[in-house]
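Presented below is the structure to which this report refers.
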Amino acid sequence: MPQPPLDIPKYLASPLPPLREAYPPGTGGTGPRASWPEGTLKGVQVLDDFAAQAKAYMCTVSSEPVPPHQGFKYPKTAQAITHLPNPIKSPADLQKCLSTLPLAAIAAVLTAVDADPSDVQTVLDQAGYESDGGEEMHVLPEGGKTRGWYWKFNKSPLGSGEFLLSRQGEDKVYLVVRTINSSAFTQHDWDEYVVTGPYHYATTSKASWYWSRTWGAARRLDAQYWVLTDWQRWTFGKFDEKREHGWTSPILPYDATDPSVCEALYYWAQASIGRADVKLDKKNTAGLPALFPPNPARRVSKSGGRRDKGLRDMRKVRAANESDIEDSDAE
């Protein structure tokens, strides 16, 4: 059957499917992480009305069906689910899940909205039939007027998996979707991450560490908008132009509705492109209570030598290390 015209609000409203997790235990480490002398981040803040802003934007999206561009076919949820790794056992599984369903959906919708009508007809004529989504097309036909949207997978210098939203013919990165492993970044860490207050780099807090990592990715890629997810949880964030202040949404669960994850992701993509408004108030966080208290539930790794065979004082706060987030633990 041919892919029918796309009712964007209806298509994006569906929640993500539930996926189990079965990550193996972490393996070793790389030693305590270094200081962060280049950091300019001074404050972090929860964008409390993110959901309301996303819903308000989706109310402006026309329900008039849009012809999909067959070079960027949209995934049909029922079919895509059958190709998702379940349970998720590794960062590669998580990346496949993201690229197969929510990210592919957003790229297809963005391209359909921007597609030149003549290109759409040209693709149908060349194929001789309308696509049913059974064949793979990764690039637009040569000579077309449409510049499609796509996600490029990338590895950060420390190994984190990230997807970069770009447009054909451009080098600019509009939005960064960074992945993380829930066995290394727990609900407690998420609770410490989604906060409002003065930022300081703390080696005993994974939340502080990952704020610094997100800041580093934004600077490296020259991007302001970002997303952090382990599939079960999603946060949507932005830095100001000087990267001195960062905002993050409250945690959006995978099965959220009104807005769904795909609606929120579409809104944030459009905001990063400059086609959706984001209302931000910048709080003065300097006088607020300190964040990122020492957390003793952290591992430590030593470089060289042998571990002390004696019992460690478990009451002593241990420095978080890169392996808590990276390598076999997390992306």
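Note on naming: chains are A, B, ... as they come in the structure tokens, residues start from 1 per chain, ligands start from 1 in the order shown.
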Distance query stretch 223-236 of chain A at most 7 Å, only C-alpha atoms, self and fewer than 5 positions along chain excluded, as a PyMOL selection string: chain A and resi 173-182+218+248-254+272
Could you dump the residues just selected with C-alpha atoms as a PDB file, in the first residue's frame?
```pdb
ATOM      1  CA  VAL A 173      24.054  21.417  13.588  1.00  0.00           C
ATOM      2  CA  TYR A 174      20.648  22.606  14.780  1.00  0.00           C
ATOM      3  CA  LEU A 175      19.846  20.128  17.545  1.00  0.00           C
ATOM      4  CA  VAL A 176      21.885  17.532  19.441  1.00  0.00           C
ATOM      5  CA  VAL A 177      20.229  14.401  20.856  1.00  0.00           C
ATOM      6  CA  ARG A 178      22.593  12.801  23.358  1.00  0.00           C
ATOM      7  CA  THR A 179      22.142   9.304  24.723  1.00  0.00           C
ATOM      8  CA  ILE A 180      22.844   7.900  28.153  1.00  0.00           C
ATOM      9  CA  ASN A 181      22.647   4.504  29.817  1.00  0.00           C
ATOM     10  CA  SER A 182      20.071   4.238  32.593  1.00  0.00           C
ATOM     11  CA  ALA A 218      27.064  22.427  22.643  1.00  0.00           C
ATOM     12  CA  THR A 248      16.198  21.996  30.860  1.00  0.00           C
ATOM     13  CA  SER A 249      12.650  20.745  30.725  1.00  0.00           C
ATOM     14  CA  PRO A 250      11.178  18.524  33.421  1.00  0.00           C
ATOM     15  CA  ILE A 251      11.592  14.829  32.670  1.00  0.00           C
ATOM     16  CA  LEU A 252       9.190  13.620  29.993  1.00  0.00           C
ATOM     17  CA  PRO A 253       8.541   9.858  30.208  1.00  0.00           C
ATOM     18  CA  TYR A 254       8.589   7.752  27.044  1.00  0.00           C
ATOM     19  CA  SER A 272      16.272  25.058  16.987  1.00  0.00           C
TER      20      SER A 272
END
```
What does the structure give for the distance between atom CA of A:Thr204 and atom CA of A:Asp189, in Å to one decimal?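 Between these atoms lies a distance of 11.3 Å.
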Close residues, A:Leu288 itself excluded, 9 Å, only C-alpha atoms, min 2 positions apart in chain, as a ChimeraX atom specification: /A:196-198,284-286,290-291
Select from stretch 183-281 of chain A everything DSSP, run on the backbone, classes as strand (DSSP E or B), then give the selection as an MDAnalysis selection string. chainID A and resid 197:198 225:229 233:239 245:248 252:253
Counting only C-alpha atoms, which residues of stretch 216-313 of chain A fall within 9 Å of stretch 151-172 of chain A, and what is the closest atom pair for each with its distance in Å at one decimal, ordered by chain and rising number, as a Markdown table?
```
| residue | atom | partner | partner_atom | distance |
| --- | --- | --- | --- | --- |
| A:Ala217 | CA | A:Ser156 | CA | 7.5 |
| A:Leu221 | CA | A:Lys172 | CA | 8.3 |
| A:Asp222 | CA | A:Lys172 | CA | 8.1 |
| A:Ala223 | CA | A:Lys172 | CA | 8.4 |
| A:Ala269 | CA | A:Leu165 | CA | 8.0 |
```
Same residues, all heavy atoms, saved as a PDB file, in the first residue's frame:
```pdb
ATOM      1  N   ALA A 217      29.451  19.543  24.546  1.00  0.00           N
ATOM      2  CA  ALA A 217      28.916  19.161  23.239  1.00  0.00           C
ATOM      3  C   ALA A 217      28.344  20.376  22.513  1.00  0.00           C
ATOM      4  O   ALA A 217      28.535  20.540  21.304  1.00  0.00           O
ATOM      5  CB  ALA A 217      27.834  18.098  23.412  1.00  0.00           C
ATOM      6  N   LEU A 221      29.930  21.628  18.972  1.00  0.00           N
ATOM      7  CA  LEU A 221      29.093  21.569  17.770  1.00  0.00           C
ATOM      8  C   LEU A 221      28.481  22.922  17.418  1.00  0.00           C
ATOM      9  O   LEU A 221      27.755  23.016  16.425  1.00  0.00           O
ATOM     10  CB  LEU A 221      27.979  20.540  17.985  1.00  0.00           C
ATOM     11  CG  LEU A 221      28.469  19.109  18.241  1.00  0.00           C
ATOM     12  CD1 LEU A 221      27.330  18.247  18.764  1.00  0.00           C
ATOM     13  CD2 LEU A 221      29.067  18.509  16.980  1.00  0.00           C
ATOM     14  N   ASP A 222      28.756  23.927  18.219  1.00  0.00           N
ATOM     15  CA  ASP A 222      28.206  25.271  18.023  1.00  0.00           C
ATOM     16  C   ASP A 222      26.684  25.217  17.935  1.00  0.00           C
ATOM     17  O   ASP A 222      26.066  25.715  16.999  1.00  0.00           O
ATOM     18  CB  ASP A 222      28.783  25.912  16.754  1.00  0.00           C
ATOM     19  CG  ASP A 222      28.474  27.408  16.673  1.00  0.00           C
ATOM     20  OD1 ASP A 222      28.233  28.017  17.732  1.00  0.00           O
ATOM     21  OD2 ASP A 222      28.452  27.954  15.550  1.00  0.00           O
ATOM     22  N   ALA A 223      26.088  24.569  18.916  1.00  0.00           N
ATOM     23  CA  ALA A 223      24.631  24.410  18.963  1.00  0.00           C
ATOM     24  C   ALA A 223      24.127  24.895  20.315  1.00  0.00           C
ATOM     25  O   ALA A 223      24.833  24.814  21.322  1.00  0.00           O
ATOM     26  CB  ALA A 223      24.237  22.955  18.742  1.00  0.00           C
ATOM     27  N   ALA A 269      12.848  20.689  17.682  1.00  0.00           N
ATOM     28  CA  ALA A 269      13.548  20.767  16.397  1.00  0.00           C
ATOM     29  C   ALA A 269      13.174  22.054  15.670  1.00  0.00           C
ATOM     30  O   ALA A 269      14.038  22.770  15.148  1.00  0.00           O
ATOM     31  CB  ALA A 269      13.217  19.552  15.540  1.00  0.00           C
TER      32      ALA A 269
END
```
Using atom CA of A:Ala107 and atom CA of A:Gln3 as the two end points, give the distance in Å to one decimal. 15.8 Å
Point-to-point distance from atom CA of A:Gly148 to atom CA of A:Ala108, Å rounded to tenths: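 Distance between the two atoms: 8.3 Å.
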Set the distance at 9 Å and use only C-alpha atoms: which residues neighbour A:Ser35 once local chain neighbours fewer than 2 positions away are removed? I'd like the list as a PyMOL selection string. chain A and resi 33+37-38+201-203
Written selection (C-alpha atoms) as a compact mmCIF listing (two decimals), in the first residue's frame:
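The result, written out as selection.txt:
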```
# COMPACT_ATOMS: atom_id res chain seq x y z
CA ARG A 33 37.98 12.82 35.62
CA PRO A 37 38.75 25.04 33.60
CA GLU A 38 37.13 25.98 30.28
CA TYR A 201 31.57 21.51 38.67
CA ALA A 202 31.52 18.67 41.19
CA THR A 203 33.41 15.42 40.68
```
From the options A:Leu101, A:Ala13, A:Ala51, A:Ala22, which residue's atoms come nearest to A:Ser183, counting only C-alpha atoms?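 Among the listed residues, the smallest separation from A:Ser183 belongs to A:Ala22.
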Would you pick out the contacts of A:Ile81 at 12 Å or less, using only C-alpha atoms, so that residues sharing its chain but fewer than 4 positions from it are not included, and give the list as a VMD selection string? chain A and resid 16 to 19 75 to 77 85 to 87 96 to 102
So which bits of stretch 4-112 of chain A end up helix (DSSP H, G or I) when you DSSP the backbone, as a PyMOL selection string? chain A and resi 8-12+50-58+70-72+77-81+91-100+102-112
How about saving the chosen residues, C-alpha atoms kept, as a PDB file, in the first residue's frame?
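This is the output file selection02.pdb:
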```pdb
ATOM      1  CA  ILE A   8       1.247  15.560  11.296  1.00  0.00           C
ATOM      2  CA  PRO A   9      -0.528  16.273  14.627  1.00  0.00           C
ATOM      3  CA  LYS A  10      -2.154  12.828  14.647  1.00  0.00           C
ATOM      4  CA  TYR A  11       1.047  11.067  13.601  1.00  0.00           C
ATOM      5  CA  LEU A  12       3.202  12.703  16.279  1.00  0.00           C
ATOM      6  CA  PHE A  50       7.952  23.350  28.630  1.00  0.00           C
ATOM      7  CA  ALA A  51       5.002  20.982  28.165  1.00  0.00           C
ATOM      8  CA  ALA A  52       2.569  23.891  27.882  1.00  0.00           C
ATOM      9  CA  GLN A  53       4.767  25.586  25.282  1.00  0.00           C
ATOM     10  CA  ALA A  54       5.088  22.367  23.279  1.00  0.00           C
ATOM     11  CA  LYS A  55       1.313  21.824  23.348  1.00  0.00           C
ATOM     12  CA  ALA A  56       0.690  25.427  22.334  1.00  0.00           C
ATOM     13  CA  TYR A  57       3.006  25.025  19.367  1.00  0.00           C
ATOM     14  CA  MET A  58       1.364  21.777  18.257  1.00  0.00           C
ATOM     15  CA  GLN A  70       9.460   9.304  -0.653  1.00  0.00           C
ATOM     16  CA  GLY A  71      13.172   9.931  -0.225  1.00  0.00           C
ATOM     17  CA  PHE A  72      12.415  10.391   3.474  1.00  0.00           C
ATOM     18  CA  THR A  77       4.908   2.767  14.303  1.00  0.00           C
ATOM     19  CA  ALA A  78       3.417  -0.730  14.195  1.00  0.00           C
ATOM     20  CA  GLN A  79       6.065  -1.876  11.715  1.00  0.00           C
ATOM     21  CA  ALA A  80       8.952  -0.010  13.338  1.00  0.00           C
ATOM     22  CA  ILE A  81       8.317  -1.625  16.721  1.00  0.00           C
ATOM     23  CA  PRO A  91      24.226   1.713  23.821  1.00  0.00           C
ATOM     24  CA  ALA A  92      24.073   0.441  20.240  1.00  0.00           C
ATOM     25  CA  ASP A  93      20.590  -0.977  20.910  1.00  0.00           C
ATOM     26  CA  LEU A  94      19.440   2.373  22.281  1.00  0.00           C
ATOM     27  CA  GLN A  95      20.837   4.194  19.268  1.00  0.00           C
ATOM     28  CA  LYS A  96      19.034   1.813  16.904  1.00  0.00           C
ATOM     29  CA  CYS A  97      15.756   2.387  18.745  1.00  0.00           C
ATOM     30  CA  LEU A  98      16.124   6.150  18.488  1.00  0.00           C
ATOM     31  CA  SER A  99      17.128   6.199  14.830  1.00  0.00           C
ATOM     32  CA  THR A 100      14.424   3.710  13.812  1.00  0.00           C
ATOM     33  CA  PRO A 102      11.345   8.925  16.887  1.00  0.00           C
ATOM     34  CA  LEU A 103      14.293  10.477  15.044  1.00  0.00           C
ATOM     35  CA  ALA A 104      13.320   9.037  11.669  1.00  0.00           C
ATOM     36  CA  ALA A 105       9.781  10.317  12.226  1.00  0.00           C
ATOM     37  CA  ILE A 106      10.982  13.857  12.935  1.00  0.00           C
ATOM     38  CA  ALA A 107      13.297  13.920   9.908  1.00  0.00           C
ATOM     39  CA  ALA A 108      10.471  12.682   7.669  1.00  0.00           C
ATOM     40  CA  VAL A 109       8.004  15.262   8.966  1.00  0.00           C
ATOM     41  CA  LEU A 110      10.461  18.155   8.692  1.00  0.00           C
ATOM     42  CA  THR A 111      11.307  17.152   5.123  1.00  0.00           C
ATOM     43  CA  ALA A 112       7.654  16.691   4.162  1.00  0.00           C
TER      44      ALA A 112
END
```
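Candidate residues A:Tyr150, A:Tyr23, A:Tyr199, A:Trp247 were compared for distance to A:Leu280, and the nearest is A:Trp247, using only C-alpha atoms.
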